[in-house]
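Participant: Pasting a structure below so you can have a look.
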Amino acid sequence: MKVLNSKNYPEHINTVNAPNFNRNDVKSSIVHFGVGNFHRCHQAVYCDDLLNKGELDWGIIGVSLRSANVRDALAPQDFLYTQATLGEETQYRVISSLTNILVAPESPSAVVMTLADDQTQVVTITITEKGYCLSDGLIDVNHEAFRHDLQLLSKPQSIYGFLAAGIIKRHHQNGSAFSIMCCDNMQGGGEYLAQGVNRLLNQHSEQAYAWAQQHVSFISSMVDRVSPATSQSLKDSIARDLAFVDQWPVSAEPFSQWVIEDNFAGEKPPFEQVGALFVKDIASFENMKLRFLNAGHSIASALGYLAGKKYIHEALACTNILTFVKQTLTGNILAVSPVPDAISAADYIEQVLARFQNSALPYAVLQVGSDSSQKIQQRLYPSIEAAITNQSDSAYLSFSLAAWLAYIDQAIVHKELNDPLSAQFEKMHKLDLKQRSKAYLELAGAAQHSFYANSHFMQAVLADYISISEQGIEQALDAFNQALTSKEQKTAQT
């Protein structure tokens with residue numbers, strides 16, 4: 001069977017949506033860090049849509065900060081790959097916006113040269129929360145990669161180092177202005193990028209720092225599309241249905257959203273032509289997504305894992321878990337989370353839950369639960385903080401945090417914990433439940449928030465954690481619901 005490449009895909013033009021342009025005419029004005037599944041079913045698709053509209057300046061040069069795996073899989077395919085949209089029916093599409101992939105550890109100078117090239121107008125980034133070298137919500141200057149880049153930029157290791165080195169070289173070449181955009185699930189991601197890059201510029205080149213203030217913008221964006229890890233069954237389906245081999249296809253739900261802060265220093269891609277939204281104030285959209293979709297995903301992941309479920313849709317097929325997630329979003333979180341005026345919060349929550357229940361999209365609970373010590377700081381802590389500050393109901397939030405603690409325990413026991421702090425969690429797992437809960441939360445940055453000093457809230461977290469640990473998630477949820485019902489009845493009587 002033939003491998004997907006530029007020569008072969010035209011043979012399948014009747015069975016798969018394929019590019020309608022000459023790839024030789026494409027100019028790659030975007031450099032993207034983090035060429036994982038999400039990027040390839042989100043930003044790369046928006047760029048492919050532009051290319052198919054005749055906007056041929058917006059091809060992508062990808063950069064992998066770690067592994068050569070994606071490059072090695074896609075290079076023989078001319079960097080083409082298949083996207084499967086998983087709805088009521090599966091729809092296939094060949095994506096051709098990716099023109100090359102650089103592997104940073106192999107050739108850091110090639111990455112820096114590409115960033116410095118005037119052809120590069122926009123740099124986009126999806127490296128997940130752990131790639132930002134954060135500790136307690138701040139850039140950790142003692143992080144190994146960041147510390148290395150503070151001392152030496154000839155071979156950068158962090159995202160900030162590569163961007164700073166590219167800016168310095170672009171300045172030396174009297175280059176044009178360009179923009180750097182965070183496309184991760186990070187509130188104010190553009191601000192983190194600016195802080196880290198400016199710290200390194202101040203260290204290594206004051207002249208480049210001054211130049212960057214006038215010629216470089218840092219942009220936040222809100223991205224949304226569920227894309228599970230690629231499975232062998234997906235590869236098999238493509239081989240069966242399309243009669244070619246794709247070494248690394250991606251799959252995704254039909255829904256896709258991209259809201260972009262309108263703050264471009266250089267040329268601005270016309271993404272509004274293909275469904276993206278440019279706004280002046282991104283914060284309310286970021287908050288909405290983090291507090292409802294991302295938080296809901298993480299809560300469902302923890303509860304589902306504890307219930308022995310493999311996938312998110314299987315977890316939400318359990319009535320008690322679905323009800324709990326919905327009540328957390330509509331009750332505790334909505335009460336302290338404003339949404340943009342154009343959005344109906346109730347409709348948005350219903351849409352989120354319906355997307356999670358899409359059985360055609362088998363999203364593993366362990367994939368959602370990866371790097372959870374970093375994710376909860378963005379997804380859960382802000383709502384908890386707001387609930388405590390506003391003296392709002394936080395019962396569902398305390399149970400959600402307790403479920404995360406129990407998830408860490410169980411993942412350690414089953415040797416399935418995928419987290420940058422795994423080794424530290426494993427050491428703390430030897431403590432008793434009370435000490436362990438404090439140690440886990442402190443490791444995940446909770447001590448920096450006022451809710452951690454709220455004795456009422458923390459006692460509730462500990463009680464729920466003990467309940468889950470001793471009874472299991474099913475009985476603990478039943479006991480939680482019974483306690484809430486009893487409390488509501490007493491309140492009604494008074």
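A note on labels: chains of the structure tokens are A, B, ... as shown, every chain counts residues from 1, and ligands are counted from 1 in their shown order.
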Quick one: residues within 8 Å of stretch 467-481 of chain A, only C-alpha atoms, excluding same-chain residues fewer than 5 positions away - as JSON, numbers by chain?

Facilitator: {"A": [303, 306, 307, 320, 402, 403, 406]}

Participant: Just want the 12 Å neighbourhood of A:Ile60, counted on only C-alpha atoms, with same-chain residues fewer than 4 positions away dropped. Output as a VMD selection string.

Facilitator: chain A and resid 23 26 to 35 39 to 40 43 to 48 50 to 51 56 79 to 80 95 to 102 114 119 to 125

Participant: Please, could you write that set of residues out with C-alpha atoms as a CSV table (one decimal), in the first residue's frame?

Facilitator:
```
chain,number,residue,atom,x,y,z
A,23,ARG,CA,2.3,23.7,-2.7
A,26,VAL,CA,3.2,28.5,-0.6
A,27,LYS,CA,5.3,30.9,1.5
A,28,SER,CA,5.8,29.8,5.1
A,29,SER,CA,5.3,32.9,7.1
A,30,ILE,CA,4.4,31.1,10.3
A,31,VAL,CA,6.8,29.3,12.6
A,32,HIS,CA,5.1,27.0,15.1
A,33,PHE,CA,6.6,25.5,18.3
A,34,GLY,CA,5.0,22.2,19.4
A,35,VAL,CA,3.9,20.2,16.4
A,39,HIS,CA,-1.7,22.1,16.6
A,40,ARG,CA,-2.2,19.8,13.6
A,43,GLN,CA,-4.0,26.2,13.9
A,44,ALA,CA,-2.7,24.1,11.0
A,45,VAL,CA,-6.2,23.6,9.7
A,46,TYR,CA,-7.0,27.3,9.9
A,47,CYS,CA,-3.8,27.9,7.8
A,48,ASP,CA,-4.8,25.2,5.4
A,50,LEU,CA,-6.4,30.1,4.1
A,51,LEU,CA,-4.2,28.4,1.6
A,56,LEU,CA,-0.7,31.5,0.0
A,79,PHE,CA,4.7,16.8,5.8
A,80,LEU,CA,1.2,16.0,4.6
A,95,ILE,CA,-3.8,18.9,5.6
A,96,SER,CA,-1.0,20.5,3.6
A,97,SER,CA,-0.1,23.7,5.5
A,98,LEU,CA,2.9,22.2,7.2
A,99,THR,CA,5.9,22.6,4.9
A,100,ASN,CA,8.8,21.5,7.2
A,101,ILE,CA,9.7,20.5,10.7
A,102,LEU,CA,12.9,21.5,12.5
A,114,THR,CA,14.3,30.9,10.8
A,119,GLN,CA,9.7,35.9,5.9
A,120,THR,CA,8.6,34.9,9.4
A,121,GLN,CA,5.7,37.2,10.3
A,122,VAL,CA,4.0,35.2,13.2
A,123,VAL,CA,5.4,32.7,15.7
A,124,THR,CA,2.7,30.5,17.3
A,125,ILE,CA,3.2,28.2,20.3
```

Participant: Using only C-alpha atoms for the distances, tell me which of A:Gln327, A:Gln378, A:Ser437, A:Ser486 is nearest to A:Gly137.

Facilitator: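 Among the listed residues, the smallest separation from A:Gly137 belongs to A:Gln378.
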
Participant: I'd like the neighbourhood of A:Ile238 as an mmCIF file with C-alpha atoms, in the first residue's frame, where a residue qualifies if any of its atoms comes within 9 Å (using only C-alpha atoms), though same-chain residues fewer than 5 positions away should be ignored.

Facilitator:
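For reference, around_38.cif as written:
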```
data_model
loop_
_atom_site.group_PDB
_atom_site.id
_atom_site.type_symbol
_atom_site.label_atom_id
_atom_site.label_comp_id
_atom_site.auth_asym_id
_atom_site.auth_seq_id
_atom_site.Cartn_x
_atom_site.Cartn_y
_atom_site.Cartn_z
ATOM 1 C CA THR A 82 -4.776 13.177 7.338
ATOM 2 C CA ALA A 84 -10.276 12.688 10.631
ATOM 3 C CA TYR A 92 -11.208 12.757 6.103
ATOM 4 C CA SER A 233 -7.227 2.016 14.988
ATOM 5 C CA ALA A 243 -6.048 3.090 0.593
ATOM 6 C CA PHE A 244 -2.888 4.845 1.689
ATOM 7 C CA VAL A 245 -0.672 4.670 4.768
ATOM 8 C CA ASP A 246 -0.430 7.727 7.022
ATOM 9 C CA PRO A 249 -2.793 11.189 11.254
#
```

Participant: Mind checking which residues fall within 9 Å of A:Ser394, counting only C-alpha atoms, ignoring those fewer than 2 positions away in the same chain, and posting them as a list in words?

Facilitator: Thr328, Gly331, Asn332, Ile333, Ile384, Ala387, Ile388, Gln391, Ser392, Tyr396, Leu397, Ser398, Phe399 and Phe457 of chain A

Participant: Restricting it to C-alpha atoms, dump the selection as a short mmCIF file (atom, residue, chain, number, x, y, z; two decimals), in the first residue's frame.

Facilitator:
```cif
data_model
loop_
_atom_site.label_atom_id
_atom_site.label_comp_id
_atom_site.auth_asym_id
_atom_site.auth_seq_id
_atom_site.Cartn_x
_atom_site.Cartn_y
_atom_site.Cartn_z
CA THR A 328 -19.87 22.07 39.55
CA GLY A 331 -23.38 26.05 40.45
CA ASN A 332 -20.00 26.78 42.00
CA ILE A 333 -18.05 28.01 38.97
CA ILE A 384 -11.78 28.30 44.06
CA ALA A 387 -15.57 31.42 45.46
CA ILE A 388 -13.71 31.89 48.75
CA GLN A 391 -18.06 33.76 50.13
CA SER A 392 -19.82 31.73 47.47
CA TYR A 396 -18.35 20.98 44.56
CA LEU A 397 -14.97 22.66 44.16
CA SER A 398 -13.63 21.18 47.40
CA PHE A 399 -14.74 17.70 46.29
CA PHE A 457 -12.47 25.06 52.76
#
```

Participant: Can you list, as a PyMOL selection string, all residues belonging to stretch 285-351 of chain A that DSSP tags as helix (DSSP H, G or I)?

Facilitator: chain A and resi 285-306+312-315+319-336+345-351

Participant: Give the answer as one residue: which of A:Gln374, A:Asn294, A:Ser205, A:Thr389 has the shortest atom-to-atom distance to A:Ile349, using only C-alpha atoms?

Facilitator: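 Selected residue with least distance to A:Ile349: A:Asn294.
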
Participant: Extract, using only C-alpha atoms, all DNA, RNA and protein residues at most 10 Å from A:Gly304, discarding same-chain residues fewer than 4 positions from it, and format them as a PyMOL selection string.

Facilitator: chain A and resi 298-300+308-318+321-322+364-366+403+407+473

Participant: For the residues in that selection, give me N, CA and C atoms as a PDB file, in the first residue's frame.

Facilitator:
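And here is the file that came out, part07.pdb:
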```pdb
ATOM      1  N   SER A 298     -10.866  18.382  33.230  1.00  0.00           N
ATOM      2  CA  SER A 298      -9.980  17.864  34.276  1.00  0.00           C
ATOM      3  C   SER A 298     -10.763  17.163  35.381  1.00  0.00           C
ATOM      4  N   ILE A 299     -11.904  17.724  35.759  1.00  0.00           N
ATOM      5  CA  ILE A 299     -12.724  17.105  36.805  1.00  0.00           C
ATOM      6  C   ILE A 299     -13.260  15.757  36.325  1.00  0.00           C
ATOM      7  N   ALA A 300     -13.777  15.727  35.094  1.00  0.00           N
ATOM      8  CA  ALA A 300     -14.279  14.469  34.540  1.00  0.00           C
ATOM      9  C   ALA A 300     -13.167  13.432  34.428  1.00  0.00           C
ATOM     10  N   GLY A 308     -12.536   3.919  37.294  1.00  0.00           N
ATOM     11  CA  GLY A 308     -12.039   2.832  36.459  1.00  0.00           C
ATOM     12  C   GLY A 308     -12.381   2.968  34.991  1.00  0.00           C
ATOM     13  N   LYS A 309     -12.706   4.184  34.549  1.00  0.00           N
ATOM     14  CA  LYS A 309     -13.061   4.401  33.152  1.00  0.00           C
ATOM     15  C   LYS A 309     -11.822   4.793  32.348  1.00  0.00           C
ATOM     16  N   LYS A 310     -11.794   4.361  31.095  1.00  0.00           N
ATOM     17  CA  LYS A 310     -10.643   4.643  30.245  1.00  0.00           C
ATOM     18  C   LYS A 310     -10.791   5.959  29.496  1.00  0.00           C
ATOM     19  N   TYR A 311     -12.042   6.281  29.111  1.00  0.00           N
ATOM     20  CA  TYR A 311     -12.274   7.454  28.279  1.00  0.00           C
ATOM     21  C   TYR A 311     -13.233   8.436  28.956  1.00  0.00           C
ATOM     22  N   ILE A 312     -13.131   9.707  28.543  1.00  0.00           N
ATOM     23  CA  ILE A 312     -13.993  10.751  29.104  1.00  0.00           C
ATOM     24  C   ILE A 312     -15.469  10.456  28.836  1.00  0.00           C
ATOM     25  N   HIS A 313     -15.809  10.033  27.614  1.00  0.00           N
ATOM     26  CA  HIS A 313     -17.225   9.793  27.323  1.00  0.00           C
ATOM     27  C   HIS A 313     -17.770   8.636  28.149  1.00  0.00           C
ATOM     28  N   GLU A 314     -16.918   7.660  28.495  1.00  0.00           N
ATOM     29  CA  GLU A 314     -17.349   6.568  29.366  1.00  0.00           C
ATOM     30  C   GLU A 314     -17.590   7.076  30.783  1.00  0.00           C
ATOM     31  N   ALA A 315     -16.733   7.986  31.238  1.00  0.00           N
ATOM     32  CA  ALA A 315     -16.920   8.565  32.573  1.00  0.00           C
ATOM     33  C   ALA A 315     -18.257   9.294  32.665  1.00  0.00           C
ATOM     34  N   LEU A 316     -18.572  10.075  31.612  1.00  0.00           N
ATOM     35  CA  LEU A 316     -19.799  10.871  31.646  1.00  0.00           C
ATOM     36  C   LEU A 316     -21.038  10.049  31.309  1.00  0.00           C
ATOM     37  N   ALA A 317     -20.839   8.812  30.930  1.00  0.00           N
ATOM     38  CA  ALA A 317     -21.990   7.900  30.801  1.00  0.00           C
ATOM     39  C   ALA A 317     -22.486   7.468  32.169  1.00  0.00           C
ATOM     40  N   CYS A 318     -21.673   7.689  33.211  1.00  0.00           N
ATOM     41  CA  CYS A 318     -22.082   7.435  34.599  1.00  0.00           C
ATOM     42  C   CYS A 318     -22.888   8.644  35.081  1.00  0.00           C
ATOM     43  N   ILE A 321     -21.399  10.935  37.801  1.00  0.00           N
ATOM     44  CA  ILE A 321     -20.274  11.772  37.390  1.00  0.00           C
ATOM     45  C   ILE A 321     -20.747  12.918  36.505  1.00  0.00           C
ATOM     46  N   LEU A 322     -21.610  12.618  35.546  1.00  0.00           N
ATOM     47  CA  LEU A 322     -22.146  13.675  34.681  1.00  0.00           C
ATOM     48  C   LEU A 322     -22.858  14.738  35.502  1.00  0.00           C
ATOM     49  N   ALA A 364      -8.822   9.756  26.134  1.00  0.00           N
ATOM     50  CA  ALA A 364      -8.431   8.999  27.321  1.00  0.00           C
ATOM     51  C   ALA A 364      -8.348   9.882  28.558  1.00  0.00           C
ATOM     52  N   VAL A 365      -8.856   9.370  29.681  1.00  0.00           N
ATOM     53  CA  VAL A 365      -8.799  10.141  30.931  1.00  0.00           C
ATOM     54  C   VAL A 365      -7.355  10.413  31.335  1.00  0.00           C
ATOM     55  N   LEU A 366      -6.449   9.494  31.036  1.00  0.00           N
ATOM     56  CA  LEU A 366      -5.044   9.705  31.389  1.00  0.00           C
ATOM     57  C   LEU A 366      -4.392  10.770  30.518  1.00  0.00           C
ATOM     58  N   ALA A 403     -10.815  15.008  44.693  1.00  0.00           N
ATOM     59  CA  ALA A 403     -10.740  13.961  43.669  1.00  0.00           C
ATOM     60  C   ALA A 403      -9.400  14.012  42.942  1.00  0.00           C
ATOM     61  N   TYR A 407      -6.777  11.087  42.667  1.00  0.00           N
ATOM     62  CA  TYR A 407      -6.270  10.686  41.346  1.00  0.00           C
ATOM     63  C   TYR A 407      -4.753  10.530  41.376  1.00  0.00           C
ATOM     64  N   ILE A 473     -14.779   6.144  44.897  1.00  0.00           N
ATOM     65  CA  ILE A 473     -15.439   7.325  44.343  1.00  0.00           C
ATOM     66  C   ILE A 473     -16.957   7.180  44.285  1.00  0.00           C
TER      67      ILE A 473
END
```

Participant: With a distance cut-off of 8 Å and only C-alpha atoms, select the neighbouring residues of A:Ser383, excluding the residue or stretch itself and same-chain residues fewer than 2 positions from it, and output the selection as a list in words.

Facilitator: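 Residues near the query, excluding close chain neighbours: Arg291, Ile333, Val336, Ser337, Arg379, Leu380, Tyr381, Glu385, Ala386 and Ala387 of chain A.
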
Participant: Have a look at A:Phe162, A:Trp248, A:Phe264, A:Phe278 and name the one nearest to A:Val111; count only C-alpha atoms.

Facilitator: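 Distance minimum relative to A:Val111 lands on A:Phe162.
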